[in-house]
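Chemist: Structure in structure tokens, see below.
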Amino acid sequence: MTKTPIESAILTIFGITGDLAARKLLPSLYYLFQAELLPKNFAIVGVTRSGTTVDKLIEKIRTSVESDGVSADQAILDHMAKVIRIVEMDLTNAEDYTRLKKELDAVEDSHGVCMNRLFYLAIPAQTFAHIVGLLAHAELNSGCQHGKAESRLLIEKPFGYDLASAQELIEQLNTAFSEEQIYRIDHYLAKETTQNILTFRFANPLFKAAWDNSLVSHIMITAAEKIGIEGRVAFYEQTGALRDLIQSHLFQLMALVTMEEPKELGSDAIHREKLRLLEAVEPIHADKVANIAVRGQYEGYREEVADPHSMTETYAAVRLAIDNDRWRGVPVLLRTGKGLAEKATEITLVFCEKPGAETNSLTFRIQPNEGIVVSLQAKKPGFTDEMQEVQMDFLYRNSFVGIQPDAYQRVLVDALKGDKTLFATSEEVLASWRIVEPILHAWSISKELPTYEIGSWGPSEATNLAHNAHIQWPMDKITKNFMRSM
Ligand code: BG6
């Protein structure tokens, strides 16, 4: 389908009074207005069940912007106050969707142009299927009233709870919106440092040639968080670390780091290669789960969620293998945890010619201290032959002066443009569930759940995953000496 050149848009946010809207979406829109990156004809419709006012939303935006340490620009806030409308709805009532449609038609009439209709569901995933059904019933899935512009649906994970529920959700959504219209947000894909992975891999011949099992001994992907579950008890109790971070964000990072070079850097070609990679991950045998997956729970979690028997993992680590010519034999270690010592997301490739020989490593620092670090062996100065590991580092903030757009700004701009490169496809989502399914099953019956201290680096059992594969996997993040460059 060729993309409509229409840029004018109405962004309807379901859950305008919620946490995501307050923390991410509204502040991102403020910054996009400031950077003049939004279309000339643009309106925001905030859907609420509980009621709010434009003034209250503007105050939330002001507070959020000022918490970034800058004073909010009153002219932008005034402009936003003019383009935001609130629609109070009972989300289960079909008539309210007809009212919403009238509201959107009226916005369009006031602009005098056809406008794309974007529906951002910033609400719990359990409500998606019902809401999209009612949107379609009110014909809100078919573009503008003159049939010229598109309707697009933006949804946040979780995209299902396991393979079967993901499949069911996809089918339910597809009864109302085609795959082409659905934008599955994975905010990790929209991080600047993530976007640089493909550029780094394919535009630097120096590294391109070394990117396979002839030199890479193993790959380590870490997403450590200091925070706990921050009051999201119901969500987290159903989710856990494996689903929350590994099945989604970390698999996407793994795919970008290991996929084959796409024919061109366009959305379809990139998605095709990512899917091929995810499908090449070796299936995990049910009786091998204990060898390749470890979970943990931080101390005090059960009191926090008021369930003395909770088996939800706040830490998960897995070791995967990719069955293709490029990566056969290279273990890929992934781990994530809440309540850990530091916030850090990084991807490291370790290069080594043969077991026991010297190594180099290359780390993408996704966040914080965004950058790329290469460790090299150097001869220590003086009358010695001794070697020492040294680091070459590239820090975004030293090389690129200016604001890096936040991931949600990127998500919104791309969805407005109709560019799906940084969104997950249904096939990628299903392939990712297929990989973790045996682990989810094994954990649902196992009683093994080591605990770890808040502020530590998680359960020591995780290092077994590396020992079993005869590789090193430090408990903590890899670029620990990096702080000196700050
Ligand atoms: C979300 C998870 O997708 O990502 C959260 O649901 C997690 O539990 C968050 O805290 C981490 O995102 P970031 O961008 O802070 O690393």
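Quick note on naming: the chains in the structure tokens go A, B, ... in the order shown, residues restart at 1 in each chain, and ligands are numbered from 1 in order of appearance.
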List every residue of segment 231-331 of chain A that DSSP, applied to the backbone of this structure, places in strand (DSSP E), and write the result as a list in words.
Modeler: Ala293, Val294, Arg295, Gly296, Gln297, Tyr298, Tyr315, Ala316, Ala317, Val318, Arg319 and Leu320 of chain A
Chemist: Against segment 412-435 of chain A, which residues of segment 38-110 of chain A fall within 12 Å? For each one I want the closest pair of atoms and the distance in Å (one decimal), counting only C-alpha atoms, rows by chain and increasing residue number, as a tab-separated table.
Modeler:
residue	atom	partner	partner_atom	distance
A:Leu38	CA	A:Val413	CA	7.4
A:Pro39	CA	A:Leu416	CA	8.5
A:Asn41	CA	A:Leu416	CA	11.7
A:Phe42	CA	A:Leu416	CA	10.0
A:Ala43	CA	A:Leu416	CA	11.8
Chemist: Any chance you could export the current selection's C-alpha atoms as a PDB file, in the first residue's frame?
Modeler:
ATOM      1  CA  LEU A  38       4.565  18.493  14.436  1.00  0.00           C
ATOM      2  CA  PRO A  39       2.358  19.022  11.374  1.00  0.00           C
ATOM      3  CA  ASN A  41      -2.707  20.916  11.192  1.00  0.00           C
ATOM      4  CA  PHE A  42      -2.453  18.920  14.370  1.00  0.00           C
ATOM      5  CA  ALA A  43      -4.807  18.305  17.265  1.00  0.00           C
TER       6      ALA A  43
END
Chemist: Return as a JSON list (two decimals) with C-alpha atoms, in the first residue's frame every polymer residue, whether protein, DNA or RNA, with at least one atom no more than 7 Å from an atom of ligand 1; count only C-alpha atoms and all ligand atoms.
Modeler:
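Written out: pocket.json:
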[["chain", "number", "residue", "atom", "x", "y", "z"],
["A", 187, "HIS", "CA", 10.44, 2.32, 23.15],
["A", 188, "TYR", "CA", 13.87, 0.67, 23.22],
["A", 225, "GLU", "CA", 17.48, -1.16, 36.70],
["A", 229, "ILE", "CA", 8.28, -2.08, 40.52],
["A", 244, "ASP", "CA", 8.67, -7.27, 30.76],
["A", 245, "LEU", "CA", 12.18, -6.75, 29.37]]
Chemist: Contacts of Ser142 of chain A at 9 Å or less, counting only C-alpha atoms, minus same-chain residues fewer than 4 places along, as a list of chain:residue names?
Modeler: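 In the requested form, the answer reads A:Arg117, A:Ala136, A:Gly147, A:Ala149, A:Glu150, A:Ser151, A:Arg152, A:Phe177.
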Chemist: Quick one: pick out all helix (DSSP H, G or I) residues within segment 149-254 of chain A from a backbone DSSP run and write them as a ChimeraX atom specification.
Modeler: /A:163-174,179-181,192-203,205-208,233-254
Chemist: What's around segment 383-397 of chain A at 6 Å? Count only C-alpha atoms, leave out sequence neighbours fewer than 4 positions away in its own chain, and write the answer as a list in words.
Modeler: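 Residues meeting the cut-off are Glu370, Gly371, Ile372, Val373, Val374, Ser375, Leu376, Gln377, Ala378, Lys379 and Val401 of chain A.
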Chemist: Would you output that residue set with all heavy atoms, as an mmCIF file, in the first residue's frame?
Modeler:
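Saved file selection-v9.cif follows:
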data_model
loop_
_atom_site.group_PDB
_atom_site.id
_atom_site.type_symbol
_atom_site.label_atom_id
_atom_site.label_comp_id
_atom_site.auth_asym_id
_atom_site.auth_seq_id
_atom_site.Cartn_x
_atom_site.Cartn_y
_atom_site.Cartn_z
ATOM 1 N N GLU A 370 25.545 7.316 27.163
ATOM 2 C CA GLU A 370 25.366 6.743 25.839
ATOM 3 C C GLU A 370 26.652 6.823 25.022
ATOM 4 O O GLU A 370 27.280 7.880 24.952
ATOM 5 C CB GLU A 370 24.258 7.512 25.101
ATOM 6 C CG GLU A 370 22.843 7.271 25.634
ATOM 7 C CD GLU A 370 22.499 8.013 26.919
ATOM 8 O OE1 GLU A 370 23.369 8.756 27.420
ATOM 9 O OE2 GLU A 370 21.382 7.839 27.424
ATOM 10 N N GLY A 371 26.993 5.689 24.421
ATOM 11 C CA GLY A 371 28.211 5.702 23.619
ATOM 12 C C GLY A 371 28.621 4.301 23.208
ATOM 13 O O GLY A 371 27.849 3.352 23.303
ATOM 14 N N ILE A 372 29.839 4.182 22.744
ATOM 15 C CA ILE A 372 30.386 2.883 22.345
ATOM 16 C C ILE A 372 31.792 2.781 22.921
ATOM 17 O O ILE A 372 32.572 3.734 22.836
ATOM 18 C CB ILE A 372 30.411 2.748 20.807
ATOM 19 C CG1 ILE A 372 28.968 2.772 20.276
ATOM 20 C CG2 ILE A 372 31.127 1.474 20.368
ATOM 21 C CD1 ILE A 372 28.849 2.756 18.771
ATOM 22 N N VAL A 373 32.079 1.653 23.521
ATOM 23 C CA VAL A 373 33.386 1.466 24.152
ATOM 24 C C VAL A 373 34.053 0.243 23.540
ATOM 25 O O VAL A 373 33.427 -0.805 23.422
ATOM 26 C CB VAL A 373 33.224 1.191 25.670
ATOM 27 C CG1 VAL A 373 34.575 1.208 26.361
ATOM 28 C CG2 VAL A 373 32.277 2.180 26.309
ATOM 29 N N VAL A 374 35.303 0.402 23.153
ATOM 30 C CA VAL A 374 36.055 -0.745 22.631
ATOM 31 C C VAL A 374 37.220 -0.992 23.574
ATOM 32 O O VAL A 374 37.958 -0.064 23.910
ATOM 33 C CB VAL A 374 36.597 -0.441 21.209
ATOM 34 C CG1 VAL A 374 37.435 -1.610 20.705
ATOM 35 C CG2 VAL A 374 35.461 -0.158 20.252
ATOM 36 N N SER A 375 37.341 -2.216 24.037
ATOM 37 C CA SER A 375 38.491 -2.491 24.902
ATOM 38 C C SER A 375 39.583 -3.149 24.049
ATOM 39 O O SER A 375 39.305 -3.982 23.182
ATOM 40 C CB SER A 375 38.086 -3.393 26.057
ATOM 41 O OG SER A 375 38.089 -4.723 25.626
ATOM 42 N N LEU A 376 40.799 -2.723 24.283
ATOM 43 C CA LEU A 376 41.937 -3.206 23.489
ATOM 44 C C LEU A 376 43.036 -3.682 24.430
ATOM 45 O O LEU A 376 43.083 -3.265 25.596
ATOM 46 C CB LEU A 376 42.511 -2.047 22.660
ATOM 47 C CG LEU A 376 41.576 -1.331 21.699
ATOM 48 C CD1 LEU A 376 42.244 -0.063 21.189
ATOM 49 C CD2 LEU A 376 41.216 -2.244 20.545
ATOM 50 N N GLN A 377 43.907 -4.509 23.909
ATOM 51 C CA GLN A 377 45.095 -4.888 24.682
ATOM 52 C C GLN A 377 46.224 -3.936 24.302
ATOM 53 O O GLN A 377 46.433 -3.679 23.115
ATOM 54 C CB GLN A 377 45.525 -6.332 24.367
ATOM 55 C CG GLN A 377 44.455 -7.371 24.612
ATOM 56 C CD GLN A 377 44.067 -7.492 26.075
ATOM 57 O OE1 GLN A 377 44.854 -7.128 26.972
ATOM 58 N NE2 GLN A 377 42.859 -7.970 26.325
ATOM 59 N N ALA A 378 46.894 -3.401 25.299
ATOM 60 C CA ALA A 378 48.020 -2.502 25.005
ATOM 61 C C ALA A 378 49.223 -2.929 25.837
ATOM 62 O O ALA A 378 49.067 -3.497 26.927
ATOM 63 C CB ALA A 378 47.631 -1.067 25.348
ATOM 64 N N LYS A 379 50.401 -2.631 25.317
ATOM 65 C CA LYS A 379 51.609 -2.926 26.106
ATOM 66 C C LYS A 379 51.745 -1.852 27.166
ATOM 67 O O LYS A 379 51.589 -0.656 26.879
ATOM 68 C CB LYS A 379 52.836 -2.914 25.205
ATOM 69 C CG LYS A 379 54.130 -3.223 25.921
ATOM 70 C CD LYS A 379 55.311 -3.000 25.014
ATOM 71 C CE LYS A 379 56.502 -2.303 25.641
ATOM 72 N NZ LYS A 379 56.445 -1.698 26.912
ATOM 73 N N VAL A 401 26.741 17.546 20.014
ATOM 74 C CA VAL A 401 26.198 18.544 20.935
ATOM 75 C C VAL A 401 24.768 18.834 20.490
ATOM 76 O O VAL A 401 24.478 18.889 19.308
ATOM 77 C CB VAL A 401 27.071 19.815 20.925
ATOM 78 C CG1 VAL A 401 26.546 20.840 21.920
ATOM 79 C CG2 VAL A 401 28.502 19.433 21.257
#
Chemist: May I have the residues within 12 Å of Val107 of chain A as a list in words, using only C-alpha atoms and disregarding those fewer than 5 positions away in the same chain?
Modeler: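 Counting only the stated atoms, we get Ser8, Ala9, Ile10, Leu11, Thr12, Asn41, Phe42, Ala43, Ile44, Val45, Lys82, Val83, Ile84, Arg85, Ile86, Leu100, Lys101, Lys102, Gly112, Val113, Cys114, Met115, Asn116, Arg117, Cys144 and Gln145 of chain A.
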Chemist: Considering only C-alpha atoms, can you say which of A:Ile123, A:Ala210, A:Leu135, A:Leu198 comes closest to Ala176 of chain A?
Modeler: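 Of all the options, A:Leu135 lies closest to Ala176 of chain A.
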Chemist: Write out as an mmCIF file with N, CA and C atoms, in the first residue's frame each polymer residue whose atoms come within 9 Å of Gly339 of chain A, counting only C-alpha atoms; drop sequence neighbours fewer than 3 positions from it.
Modeler:
data_model
loop_
_atom_site.group_PDB
_atom_site.id
_atom_site.type_symbol
_atom_site.label_atom_id
_atom_site.label_comp_id
_atom_site.auth_asym_id
_atom_site.auth_seq_id
_atom_site.Cartn_x
_atom_site.Cartn_y
_atom_site.Cartn_z
ATOM 1 N N ALA A 224 19.998 -3.427 33.369
ATOM 2 C CA ALA A 224 19.884 -3.384 34.833
ATOM 3 C C ALA A 224 19.103 -2.145 35.233
ATOM 4 N N GLU A 225 18.231 -2.316 36.202
ATOM 5 C CA GLU A 225 17.478 -1.163 36.703
ATOM 6 C C GLU A 225 17.665 -1.066 38.206
ATOM 7 N N LYS A 226 17.766 0.167 38.673
ATOM 8 C CA LYS A 226 17.869 0.386 40.115
ATOM 9 C C LYS A 226 16.486 0.368 40.757
ATOM 10 N N ILE A 227 15.524 0.869 39.991
ATOM 11 C CA ILE A 227 14.178 0.992 40.551
ATOM 12 C C ILE A 227 13.545 -0.382 40.774
ATOM 13 N N GLY A 228 12.540 -0.381 41.639
ATOM 14 C CA GLY A 228 11.771 -1.607 41.851
ATOM 15 C C GLY A 228 10.573 -1.562 40.920
ATOM 16 N N ILE A 229 9.432 -2.028 41.414
ATOM 17 C CA ILE A 229 8.277 -2.076 40.515
ATOM 18 C C ILE A 229 7.432 -0.806 40.608
ATOM 19 N N TYR A 298 13.849 -9.866 44.204
ATOM 20 C CA TYR A 298 14.563 -9.073 45.204
ATOM 21 C C TYR A 298 13.911 -9.225 46.568
ATOM 22 N N THR A 314 11.851 -10.829 39.539
ATOM 23 C CA THR A 314 12.232 -9.436 39.267
ATOM 24 C C THR A 314 13.596 -9.401 38.578
ATOM 25 N N TYR A 315 14.161 -10.586 38.389
ATOM 26 C CA TYR A 315 15.453 -10.738 37.702
ATOM 27 C C TYR A 315 15.329 -11.951 36.800
ATOM 28 N N GLU A 342 22.718 -0.544 39.767
ATOM 29 C CA GLU A 342 22.796 0.626 38.881
ATOM 30 C C GLU A 342 21.786 0.515 37.767
ATOM 31 N N TYR A 452 17.594 -12.026 45.996
ATOM 32 C CA TYR A 452 18.826 -11.230 45.996
ATOM 33 C C TYR A 452 18.559 -9.916 46.719
ATOM 34 N N GLU A 453 19.636 -9.366 47.214
ATOM 35 C CA GLU A 453 19.548 -8.127 47.981
ATOM 36 C C GLU A 453 19.306 -6.940 47.062
ATOM 37 N N ILE A 454 18.479 -6.019 47.479
ATOM 38 C CA ILE A 454 18.297 -4.804 46.687
ATOM 39 C C ILE A 454 19.641 -4.066 46.659
ATOM 40 N N GLY A 455 20.009 -3.567 45.500
ATOM 41 C CA GLY A 455 21.281 -2.852 45.389
ATOM 42 C C GLY A 455 22.440 -3.770 45.028
ATOM 43 N N SER A 456 22.142 -5.073 44.853
ATOM 44 C CA SER A 456 23.209 -6.009 44.447
ATOM 45 C C SER A 456 23.161 -6.157 42.917
ATOM 46 N N TRP A 457 23.854 -7.168 42.399
ATOM 47 C CA TRP A 457 23.790 -7.435 40.959
ATOM 48 C C TRP A 457 22.984 -8.693 40.651
ATOM 49 N N GLY A 458 22.053 -9.021 41.566
ATOM 50 C CA GLY A 458 21.164 -10.138 41.276
ATOM 51 C C GLY A 458 21.694 -11.454 41.816
#
Chemist: Could you list, as a VMD selection string, every residue within 12 Å of Arg23 of chain A, counting only C-alpha atoms and ignoring same-chain residues fewer than 6 positions away?
Modeler: chain A and resid 16 to 17 29 to 30 57 60 to 65 67 to 68 122 406 408
Chemist: What does the structure give for the distance between atom CA of Asn360 of chain A and atom CA of Leu333 of chain A, in Å to one decimal?
Modeler: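 Atom-to-atom, atom CA of Asn360 of chain A and atom CA of Leu333 of chain A are spaced 17.2 Å apart.
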Chemist: Check the smallest atom-to-atom distance from each of A:Val350, A:Glu437, A:Val216, A:Ala341 to Leu163 of chain A using only C-alpha atoms, then report the winner.
Modeler: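 Counting only C-alpha atoms, the residue closest to Leu163 of chain A is A:Glu437.
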